[in-house]
file final.txt (compact mmCIF, C-alpha atoms and all ligand atoms)
# COMPACT_ATOMS: atom_id res chain seq x y z
CA MET A 1301 0.00 0.00 0.00
CA ALA A 1302 2.72 2.39 1.08
CA ASP A 1303 4.12 2.88 -2.38
CA PHE A 1304 1.05 3.56 -4.49
CA LEU A 1305 2.13 7.20 -4.76
CA SER A 1306 5.92 7.26 -4.92
CA GLU A 1307 7.87 10.42 -4.27
CA ALA A 1308 8.44 10.89 -8.00
CA ASP A 1309 4.74 10.41 -8.83
CA PHE A 1310 3.71 12.76 -6.06
CA GLU A 1311 5.99 15.45 -7.55
CA LEU A 1312 4.70 14.79 -11.05
CA TYR A 1313 1.03 14.94 -10.11
CA ARG A 1314 1.29 17.85 -7.78
CA LYS A 1315 3.14 19.85 -10.44
CA LEU A 1316 0.47 19.01 -13.03
CA ILE A 1317 -2.36 20.01 -10.69
CA TYR A 1318 -0.58 23.18 -9.67
CA ASP A 1319 0.21 24.19 -13.25
CA GLU A 1320 -3.37 23.52 -14.33
CA SER A 1321 -5.23 25.13 -11.42
CA GLY A 1322 -2.99 26.87 -8.87
CA ILE A 1323 -4.03 24.29 -6.26
CA HIS A 1324 -1.02 23.43 -4.16
CA PHE A 1325 -0.59 20.04 -2.50
CA SER A 1326 1.72 20.07 0.47
CA GLU A 1327 3.16 17.01 2.18
CA THR A 1328 0.40 17.34 4.81
CA ASN A 1329 -2.43 16.76 2.35
CA ARG A 1330 -0.60 14.18 0.26
CA SER A 1331 -3.00 11.45 1.44
CA ILE A 1332 -5.94 13.37 -0.06
CA LEU A 1333 -4.26 13.43 -3.45
CA GLU A 1334 -3.44 9.76 -3.09
CA SER A 1335 -7.03 8.79 -2.37
CA ARG A 1336 -8.38 10.93 -5.26
CA LEU A 1337 -5.91 9.31 -7.64
CA ARG A 1338 -6.95 5.85 -6.50
CA GLU A 1339 -10.58 6.76 -7.25
CA ARG A 1340 -9.74 8.12 -10.72
CA LEU A 1341 -7.73 4.99 -11.59
CA ARG A 1342 -10.58 2.79 -10.43
CA ASP A 1343 -13.09 4.77 -12.49
CA LYS A 1344 -10.90 4.65 -15.59
CA LYS A 1345 -10.05 0.97 -14.98
CA LEU A 1346 -6.35 1.74 -15.21
CA GLY A 1347 -3.63 -0.16 -13.38
CA THR A 1348 -0.84 2.36 -12.85
CA LEU A 1349 -0.29 6.02 -12.18
CA GLN A 1350 1.98 6.17 -15.20
CA GLU A 1351 -0.84 5.01 -17.50
CA TYR A 1352 -3.16 7.54 -15.89
CA TYR A 1353 -0.66 10.35 -16.34
CA ALA A 1354 -0.34 9.53 -20.05
CA THR A 1355 -4.16 9.61 -20.29
CA LEU A 1356 -4.29 13.03 -18.63
CA LEU A 1357 -1.85 14.49 -21.11
CA LYS A 1358 -4.12 13.70 -24.03
CA ASP A 1359 -7.58 13.79 -22.47
CA LYS A 1360 -8.63 17.29 -21.35
CA GLU A 1361 -11.99 16.03 -20.04
CA GLU A 1362 -10.25 13.57 -17.73
CA LEU A 1363 -7.96 16.36 -16.55
CA LYS A 1364 -11.08 18.36 -15.62
CA LEU A 1365 -12.42 15.37 -13.69
CA LEU A 1366 -9.15 15.03 -11.79
CA LEU A 1367 -9.10 18.74 -10.94
CA ASP A 1368 -12.73 18.55 -9.86
CA SER A 1369 -11.92 15.58 -7.62
CA VAL A 1370 -9.14 17.41 -5.76
CA THR A 1371 -11.22 20.50 -4.94
CA THR A 1372 -12.79 21.14 -1.55
CA ASN A 1373 -16.31 22.40 -2.05
CA LEU A 1374 -17.42 23.11 1.47
CA THR A 1375 -19.75 26.12 1.59
CA ARG A 1376 -23.01 27.32 3.11
CA PHE A 1377 -25.67 30.01 2.79
CA PHE A 1378 -24.78 33.30 4.50
CA ARG A 1379 -21.26 32.07 5.24
CA ASN A 1380 -19.53 34.83 7.20
CA GLN A 1381 -22.58 37.02 7.77
CA ALA A 1382 -20.30 40.01 8.50
CA HIS A 1383 -19.48 40.24 4.79
CA PHE A 1384 -23.15 40.49 3.90
CA ASP A 1385 -23.66 43.14 6.55
CA ALA A 1386 -20.82 45.12 4.96
CA ILE A 1387 -22.41 44.67 1.52
CA GLU A 1388 -25.71 45.97 2.85
CA HIS A 1389 -24.47 48.88 4.93
CA PHE A 1390 -21.31 50.00 3.14
CA VAL A 1391 -20.64 48.56 -0.31
CA VAL A 1392 -24.06 48.85 -1.93
CA PRO A 1393 -24.76 52.38 -0.58
CA GLU A 1394 -21.34 53.49 -1.85
CA LEU A 1395 -21.83 51.95 -5.29
CA ILE A 1396 -25.30 53.47 -5.59
CA LYS A 1397 -24.01 56.89 -4.66
CA LEU A 1398 -21.26 56.57 -7.22
CA LYS A 1399 -23.47 55.36 -10.06
CA GLN A 1400 -26.41 57.60 -9.24
CA GLY A 1401 -25.92 59.83 -12.26
CA SER A 1402 -25.16 57.05 -14.75
CA ALA A 1403 -27.70 55.85 -17.29
CA GLU A 1404 -27.45 52.19 -16.28
CA LYS A 1405 -28.46 51.45 -12.72
CA LYS A 1406 -26.94 48.02 -12.58
CA LEU A 1407 -24.41 46.20 -10.38
CA ARG A 1408 -22.12 43.50 -11.73
CA LEU A 1409 -20.82 40.86 -9.37
CA TRP A 1410 -18.71 37.71 -9.61
CA SER A 1411 -18.66 34.80 -7.24
CA ALA A 1412 -15.32 33.24 -8.17
CA GLY A 1413 -15.06 29.73 -6.77
CA CYS A 1414 -18.81 29.57 -6.09
CA SER A 1415 -18.88 25.83 -5.34
CA THR A 1416 -22.48 24.57 -5.18
CA GLY A 1417 -24.07 28.01 -5.40
CA GLU A 1418 -24.86 28.97 -1.82
CA GLU A 1419 -22.66 32.09 -2.03
CA PRO A 1420 -24.13 33.60 -5.24
CA TYR A 1421 -27.68 32.75 -4.15
CA THR A 1422 -27.05 34.46 -0.81
CA VAL A 1423 -25.81 37.58 -2.62
CA ALA A 1424 -28.76 37.50 -5.02
CA MET A 1425 -31.35 37.26 -2.23
CA LEU A 1426 -29.69 40.03 -0.28
CA LEU A 1427 -29.51 42.37 -3.28
CA LYS A 1428 -33.16 41.67 -4.11
CA GLU A 1429 -33.98 42.84 -0.61
CA ILE A 1430 -31.82 45.93 -0.41
CA LEU A 1431 -31.51 47.49 -3.87
CA PRO A 1432 -33.76 50.51 -4.37
CA PRO A 1433 -36.42 50.36 -7.09
CA GLY A 1434 -35.02 50.81 -10.58
CA TRP A 1435 -31.73 49.06 -9.80
CA THR A 1436 -30.78 45.66 -11.20
CA PHE A 1437 -27.82 43.34 -10.92
CA GLU A 1438 -26.21 40.31 -12.50
CA ILE A 1439 -24.00 37.70 -10.91
CA VAL A 1440 -21.54 35.43 -12.63
CA ALA A 1441 -20.84 32.34 -10.54
CA SER A 1442 -17.90 30.25 -11.62
CA ASP A 1443 -15.96 27.25 -10.47
CA ILE A 1444 -13.55 24.60 -11.66
CA SER A 1445 -15.76 21.85 -10.24
CA LEU A 1446 -18.36 20.76 -12.77
CA LYS A 1447 -20.10 18.61 -10.19
CA SER A 1448 -20.55 21.63 -7.93
CA LEU A 1449 -21.69 23.87 -10.76
CA MET A 1450 -24.40 21.37 -11.65
CA VAL A 1451 -25.76 21.55 -8.11
CA GLY A 1452 -25.66 25.34 -8.25
CA LYS A 1453 -27.47 25.45 -11.59
CA GLU A 1454 -30.12 23.06 -10.31
CA GLY A 1455 -30.61 25.18 -7.19
CA PHE A 1456 -32.06 22.37 -5.11
CA TYR A 1457 -30.81 22.05 -1.53
CA ASN A 1458 -31.64 19.35 0.97
CA GLU A 1459 -33.12 20.25 4.32
CA ASN A 1460 -29.70 19.95 6.05
CA ARG A 1461 -28.12 22.53 3.72
CA ILE A 1462 -30.49 25.41 4.20
CA GLN A 1463 -29.37 26.37 7.69
CA GLY A 1464 -28.49 30.03 7.89
CA ILE A 1465 -31.21 31.19 5.51
CA PRO A 1466 -33.58 33.54 7.35
CA GLU A 1467 -37.11 32.16 7.51
CA ASP A 1468 -38.61 35.04 5.48
CA TYR A 1469 -36.03 34.52 2.68
CA LEU A 1470 -36.83 30.82 2.62
CA VAL A 1471 -40.51 31.55 2.15
CA LYS A 1472 -39.92 34.23 -0.48
CA TYR A 1473 -37.14 32.75 -2.60
CA PHE A 1474 -37.53 28.95 -2.27
CA GLU A 1475 -40.21 26.40 -2.93
CA LYS A 1476 -40.50 23.43 -0.60
CA LYS A 1477 -40.04 20.28 -2.67
CA GLY A 1478 -39.81 16.74 -1.22
CA THR A 1479 -36.81 16.53 1.08
CA GLY A 1480 -35.53 20.02 0.39
CA TYR A 1481 -35.95 23.44 -1.09
CA GLN A 1482 -35.82 24.65 -4.69
CA VAL A 1483 -34.56 28.17 -5.50
CA LYS A 1484 -37.27 30.02 -7.39
CA ASP A 1485 -36.70 31.07 -11.02
CA ASP A 1486 -36.72 34.80 -10.38
CA ILE A 1487 -33.54 34.39 -8.30
CA LYS A 1488 -32.02 31.75 -10.56
CA LYS A 1489 -32.26 33.96 -13.61
CA LEU A 1490 -30.04 36.60 -11.97
CA ILE A 1491 -27.09 34.19 -11.81
CA ARG A 1492 -25.04 32.77 -14.67
CA PHE A 1493 -23.16 29.63 -13.63
CA ASP A 1494 -20.06 29.12 -15.71
CA TYR A 1495 -17.03 26.84 -15.76
CA HIS A 1496 -13.96 28.97 -15.22
CA ASN A 1497 -10.48 28.12 -14.03
CA LEU A 1498 -9.01 30.99 -12.01
CA LYS A 1499 -5.66 30.22 -13.56
CA ASN A 1500 -6.94 32.06 -16.66
CA ASP A 1501 -8.31 35.53 -17.35
CA SER A 1502 -12.10 35.34 -17.30
CA GLY A 1503 -12.41 38.15 -19.84
CA GLN A 1504 -14.80 40.01 -17.55
CA ARG A 1505 -14.33 43.76 -17.13
CA GLY A 1506 -16.07 46.50 -15.14
CA LEU A 1507 -17.12 44.34 -12.18
CA ASP A 1508 -18.36 46.16 -9.09
CA VAL A 1509 -17.85 43.38 -6.57
CA VAL A 1510 -15.80 40.19 -6.64
CA PHE A 1511 -16.19 37.44 -4.05
CA CYS A 1512 -13.38 34.95 -3.93
CA ARG A 1513 -13.80 33.51 -0.49
CA ASN A 1514 -12.07 30.39 0.79
CA VAL A 1515 -10.47 29.62 -2.56
CA LEU A 1516 -7.05 31.30 -2.39
CA ILE A 1517 -6.29 29.24 0.67
CA TYR A 1518 -5.68 26.25 -1.64
CA PHE A 1519 -3.18 28.17 -3.81
CA ASP A 1520 0.44 29.00 -3.14
CA GLU A 1521 1.53 32.62 -2.97
CA ALA A 1522 2.48 32.97 -6.63
CA ALA A 1523 -0.89 31.61 -7.79
CA GLN A 1524 -2.71 33.82 -5.26
CA LYS A 1525 -0.94 36.92 -6.52
CA ALA A 1526 -1.61 36.08 -10.18
CA THR A 1527 -5.30 35.52 -9.40
CA ILE A 1528 -5.58 38.76 -7.43
CA ASP A 1529 -3.96 40.69 -10.29
CA ARG A 1530 -6.48 39.24 -12.72
CA PHE A 1531 -9.32 40.29 -10.42
CA TYR A 1532 -7.92 43.80 -10.40
CA ASP A 1533 -8.05 43.93 -14.18
CA ALA A 1534 -11.60 42.58 -14.22
CA MET A 1535 -12.90 45.19 -11.79
CA SER A 1536 -14.18 48.71 -12.35
CA GLY A 1537 -12.31 51.82 -11.20
CA HIS A 1538 -14.24 51.86 -7.94
CA SER A 1539 -15.03 48.36 -6.76
CA PHE A 1540 -14.74 45.83 -3.93
CA LEU A 1541 -13.08 42.48 -3.34
CA PHE A 1542 -14.09 40.02 -0.63
CA ILE A 1543 -11.79 37.16 0.28
CA GLY A 1544 -12.25 34.54 3.00
CA HIS A 1545 -12.25 35.26 6.66
CA SER A 1546 -8.96 33.41 7.14
CA GLU A 1547 -7.32 34.74 3.97
CA SER A 1548 -5.34 37.94 3.59
CA LEU A 1549 -3.45 39.98 1.01
CA PHE A 1550 -1.11 41.14 3.74
CA GLY A 1551 2.48 41.14 2.54
CA MET A 1552 1.43 40.64 -1.07
CA ASN A 1553 2.35 43.38 -3.48
CA THR A 1554 -1.14 44.23 -4.82
CA ARG A 1555 -2.84 47.43 -5.90
CA PHE A 1556 -5.85 46.89 -3.63
CA GLU A 1557 -6.53 49.06 -0.60
CA PHE A 1558 -7.46 47.39 2.67
CA VAL A 1559 -10.82 48.60 4.02
CA LYS A 1560 -11.85 48.10 7.62
CA THR A 1561 -15.47 48.86 8.43
CA GLU A 1562 -17.50 48.26 11.52
CA TRP A 1563 -18.99 45.18 9.83
CA ALA A 1564 -16.07 43.48 8.11
CA CYS A 1565 -12.71 43.94 6.41
CA PHE A 1566 -12.33 43.67 2.65
CA TYR A 1567 -10.46 45.30 -0.25
CA LYS A 1568 -11.12 48.16 -2.57
CA LYS A 1569 -9.88 49.11 -6.01
CA GLN A 1570 -9.92 52.84 -6.55
CA THR A 1571 -8.51 54.43 -9.66
CA SER A 1572 -11.21 56.99 -10.28
C1 LIG B 1601 -14.23 25.92 -0.16
S1 LIG B 1601 -15.03 26.33 -1.65
C2 LIG B 1601 -15.53 27.98 -1.35
C3 LIG B 1601 -16.94 28.25 -1.78
C4 LIG B 1601 -17.46 29.66 -1.45
N1 LIG B 1601 -16.70 30.66 -2.12
C5 LIG B 1601 -17.47 29.89 0.03
O1 LIG B 1601 -16.67 30.67 0.54
O2 LIG B 1601 -18.29 29.28 0.73
C6 LIG B 1601 -13.66 26.54 -2.78
C7 LIG B 1601 -14.05 26.42 -4.24
O3 LIG B 1601 -12.98 26.92 -5.06
C8 LIG B 1601 -12.96 26.16 -6.24
N2 LIG B 1601 -11.64 26.27 -6.91
C9 LIG B 1601 -10.45 25.80 -6.49
N3 LIG B 1601 -9.50 26.07 -7.40
C10 LIG B 1601 -10.10 26.73 -8.41
C11 LIG B 1601 -9.64 27.27 -9.65
N4 LIG B 1601 -8.36 27.18 -10.04
N5 LIG B 1601 -10.54 27.90 -10.44
C12 LIG B 1601 -11.84 28.00 -10.06
N6 LIG B 1601 -12.33 27.51 -8.91
C13 LIG B 1601 -11.47 26.87 -8.10
C14 LIG B 1601 -13.27 24.75 -5.77
O4 LIG B 1601 -13.74 23.93 -6.79
C15 LIG B 1601 -14.31 25.00 -4.68
O5 LIG B 1601 -15.62 24.84 -5.15
call {"tool": "encode", "arguments": {"input": "final.txt", "output": "structure tokens", "more": "lines below"}}
Ligand SMILES: C[S@@+](CC[C@H](N)C(=O)[O-])C[C@H]1O[C@@H](n2cnc3c(N)ncnc32)[C@H](O)[C@@H]1O
result
Amino acid sequence: MADFLSEADFELYRKLIYDESGIHFSETNRSILESRLRERLRDKKLGTLQEYYATLLKDKEELKLLLDSVTTNLTRFFRNQAHFDAIEHFVVPELIKLKQGSAEKKLRLWSAGCSTGEEPYTVAMLLKEILPPGWTFEIVASDISLKSLMVGKEGFYNENRIQGIPEDYLVKYFEKKGTGYQVKDDIKKLIRFDYHNLKNDSGQRGLDVVFCRNVLIYFDEAAQKATIDRFYDAMSGHSFLFIGHSESLFGMNTRFEFVKTEWACFYKKQTS
């Protein structure tokens, strides 16, 4: 058993995964990679890691499946409530003030690394509640995990996954269905779920808010910095970036300003 993943194979696979996604496997989580590789080999009915590696080099779909399998997709509705308080009391009022005179009263947001959709749905419900009449918004929700994106697109959550949603939101934005709750269409249509690997430029520009919470933690510093720089380019001249509670840009040479409010800390891009 001990030698399923030799030192050389570990190096090979962790380099491939890092190059393709930014996800960094340290010695500590080596056993996770090992168990995911065992599963992939079993699924593909392959005998050795060398055969599997050769498959990955020519089969992009299998590479996506491997990357999906090594992701951690833990999430929940209203995760880190303080961020949503800051959106309500600071970010949205500031954006509205700024865009007041413009012809298009619309906010553009991106949930980068959205997992199974709880984060973008939380943002959508909140904005529905707090935006003044005449204002609209659109949310792009992206992830590298196709399995997670499918759950998000479906918008059906079992009873045990809806904790954290206030009762009145549940009544307004969900329909009770069998063992769980289905997000209603008027919320669903505000979110576009999309496969996107944060290793690449998404092509988006002019975003008002980017959420990339609990994703960077899986990257090493170089991949974090490259991702953060791409966010900067995707954002408008006056916009906001939320990263996870346990993540920080401290010590990283970025162009974002740190913002500390009474609700939460986050980052701001200001060029205008
Ligand atoms: C722990 S979840 C965070 C979900 C949500 N943002 C939250 O805070 O609850 C991390 C997500 O990042 C995604 N992810 C990891 N590496 C990625 C990459 N290179 N590109 C896009 N998504 C990635 C994973 O698939 C996973 O769904």
call {"tool": "axis_aligned_box", "arguments": {"input": "final.txt", "around": "range 1432-1448 of chain A", "padding_each_side": "6 Å", "output": "JSON"}}
result
{"center_x": -25.0, "center_y": 34.7, "center_z": -8.6, "size_x": 34.9, "size_y": 44.2, "size_z": 20.4}
call {"tool": "closest_residue", "arguments": {"input": "final.txt", "among": "A:Glu1320, A:Glu1557, A:Asp1508, A:Glu1361", "to": "ligand LIG 1601 (chain B)", "atoms": "all atoms listed in the file"}}
result
A:Glu1320
call {"tool": "residues_near_ligand", "arguments": {"input": "final.txt", "ligand": "ligand LIG 1601 (chain B)", "cutoff": "6 Å", "atoms": "all atoms listed in the file", "output": "list in words"}}
result
Ser1321, Gly1322, Ile1323, Thr1371, Thr1372, Asn1373, Leu1374, Thr1375, Arg1376, Gly1413, Cys1414, Ser1415, Glu1419, Asp1443, Ile1444, Ser1445, His1496, Asn1497, Leu1498, Lys1499, Cys1512, Arg1513, Asn1514 and Val1515 of chain A
call {"tool": "atom_distance", "arguments": {"input": "final.txt", "atom1": "CA of Leu1507 in chain A", "atom2": "CA of Phe1384 in chain A"}}
result
17.6 Å
call {"tool": "residues_around", "arguments": {"input": "final.txt", "residues": "Lys1472 in chain A", "least_positions_apart": "4", "cutoff": "9 Å", "atoms": "only C-alpha atoms", "output": "PyMOL selection string"}}
result
chain A and resi 1467-1468+1484
call {"tool": "atom_distance", "arguments": {"input": "final.txt", "atom1": "CA of Leu1305 in chain A", "atom2": "CA of Gly1347 in chain A"}}
result
12.7 Å
call {"tool": "atom_distance", "arguments": {"input": "final.txt", "atom1": "CA of Lys1406 in chain A", "atom2": "CA of Tyr1469 in chain A"}}
result
22.3 Å
call {"tool": "closest_residue", "arguments": {"input": "final.txt", "among": "A:Ser1548, A:Asn1553, A:Gln1350, A:Gln1504", "to": "Leu1337 in chain A", "atoms": "only C-alpha atoms"}}
result
A:Gln1350
call {"tool": "closest_residue", "arguments": {"input": "final.txt", "among": "A:Phe1310, A:Phe1378, A:Trp1563, A:Phe1456", "to": "Lys1476 in chain A", "atoms": "all atoms listed in the file"}}
result
A:Phe1456
call {"tool": "residues_around", "arguments": {"input": "final.txt", "residues": "Arg1505 in chain A", "least_positions_apart": "6", "cutoff": "7 Å", "atoms": "all atoms listed in the file", "output": "list in words"}}
result
Asp1533, Ala1534, Met1535 and Ser1536 of chain A
call {"tool": "residues_around", "arguments": {"input": "final.txt", "residues": "Tyr1473 in chain A", "least_positions_apart": "3", "cutoff": "10 Å", "atoms": "only C-alpha atoms", "output": "list in words"}}
result
Tyr1421, Ala1424, Met1425, Lys1428, Asp1468, Tyr1469, Leu1470, Tyr1481, Gln1482, Val1483, Lys1484, Asp1485, Asp1486, Ile1487 and Lys1488 of chain A
call {"tool": "closest_residue", "arguments": {"input": "final.txt", "among": "A:Lys1453, A:His1389, A:Lys1358, A:Arg1338", "to": "Thr1416 in chain A", "atoms": "only C-alpha atoms"}}
result
A:Lys1453
call {"tool": "residues_around", "arguments": {"input": "final.txt", "residues": "Glu1521 in chain A", "least_positions_apart": "3", "cutoff": "12 Å", "atoms": "only C-alpha atoms", "output": "CSV table (one decimal) with C-alpha atoms, in the coordinates of the input"}}
result
chain,number,residue,atom,x,y,z
A,1318,TYR,CA,-0.6,23.2,-9.7
A,1322,GLY,CA,-3.0,26.9,-8.9
A,1323,ILE,CA,-4.0,24.3,-6.3
A,1324,HIS,CA,-1.0,23.4,-4.2
A,1516,LEU,CA,-7.0,31.3,-2.4
A,1517,ILE,CA,-6.3,29.2,0.7
A,1518,TYR,CA,-5.7,26.2,-1.6
A,1524,GLN,CA,-2.7,33.8,-5.3
A,1525,LYS,CA,-0.9,36.9,-6.5
A,1526,ALA,CA,-1.6,36.1,-10.2
A,1527,THR,CA,-5.3,35.5,-9.4
A,1528,ILE,CA,-5.6,38.8,-7.4
A,1547,GLU,CA,-7.3,34.7,4.0
A,1548,SER,CA,-5.3,37.9,3.6
A,1549,LEU,CA,-3.4,40.0,1.0
A,1550,PHE,CA,-1.1,41.1,3.7
A,1551,GLY,CA,2.5,41.1,2.5
A,1552,MET,CA,1.4,40.6,-1.1
A,1553,ASN,CA,2.4,43.4,-3.5
call {"tool": "closest_residue", "arguments": {"input": "final.txt", "among": "A:Pro1432, A:Gly1544, A:Gly1506, A:Gly1401", "to": "Arg1379 in chain A", "atoms": "only C-alpha atoms"}}
result
A:Gly1544
call {"tool": "closest_residue", "arguments": {"input": "final.txt", "among": "A:Asp1303, A:Asp1520, A:Glu1459, A:Glu1418", "to": "Ser1331 in chain A", "atoms": "only C-alpha atoms"}}
result
A:Asp1303
call {"tool": "residues_around", "arguments": {"input": "final.txt", "residues": "Arg1461 in chain A", "least_positions_apart": "2", "cutoff": "9 Å", "atoms": "only C-alpha atoms", "output": "list in words"}}
result
Arg1376, Phe1377, Tyr1457, Asn1458, Glu1459, Gln1463, Gly1464 and Gly1480 of chain A
call {"tool": "build_atoms", "arguments": {"input": "final.txt", "residues": "range 1346-1358 of chain A", "atoms": "N, CA and C atoms", "output": "compact mmCIF listing (two decimals), in the frame of the given file"}}
result
# COMPACT_ATOMS: atom_id res chain seq x y z
N LEU A 1346 -7.77 1.73 -14.86
CA LEU A 1346 -6.35 1.74 -15.21
C LEU A 1346 -5.55 1.16 -14.04
N GLY A 1347 -4.42 0.54 -14.40
CA GLY A 1347 -3.63 -0.16 -13.38
C GLY A 1347 -2.56 0.69 -12.71
N THR A 1348 -1.98 1.63 -13.44
CA THR A 1348 -0.84 2.36 -12.85
C THR A 1348 -0.99 3.87 -13.00
N LEU A 1349 -0.29 4.54 -12.14
CA LEU A 1349 -0.29 6.02 -12.18
C LEU A 1349 0.38 6.54 -13.44
N GLN A 1350 1.29 5.76 -13.97
CA GLN A 1350 1.98 6.17 -15.20
C GLN A 1350 1.01 6.14 -16.38
N GLU A 1351 0.18 5.09 -16.43
CA GLU A 1351 -0.84 5.01 -17.50
C GLU A 1351 -1.82 6.19 -17.37
N TYR A 1352 -2.20 6.45 -16.12
CA TYR A 1352 -3.16 7.54 -15.89
C TYR A 1352 -2.56 8.88 -16.30
N TYR A 1353 -1.31 9.08 -15.99
CA TYR A 1353 -0.66 10.35 -16.34
C TYR A 1353 -0.65 10.54 -17.86
N ALA A 1354 -0.35 9.46 -18.58
CA ALA A 1354 -0.34 9.53 -20.05
C ALA A 1354 -1.74 9.86 -20.55
N THR A 1355 -2.77 9.31 -19.91
CA THR A 1355 -4.16 9.61 -20.29
C THR A 1355 -4.45 11.10 -20.10
N LEU A 1356 -4.01 11.62 -18.95
CA LEU A 1356 -4.29 13.03 -18.63
C LEU A 1356 -3.69 13.98 -19.66
N LEU A 1357 -2.54 13.60 -20.18
CA LEU A 1357 -1.85 14.49 -21.11
C LEU A 1357 -2.62 14.62 -22.43
N LYS A 1358 -3.41 13.59 -22.76
CA LYS A 1358 -4.12 13.70 -24.03
C LYS A 1358 -5.63 13.86 -23.87
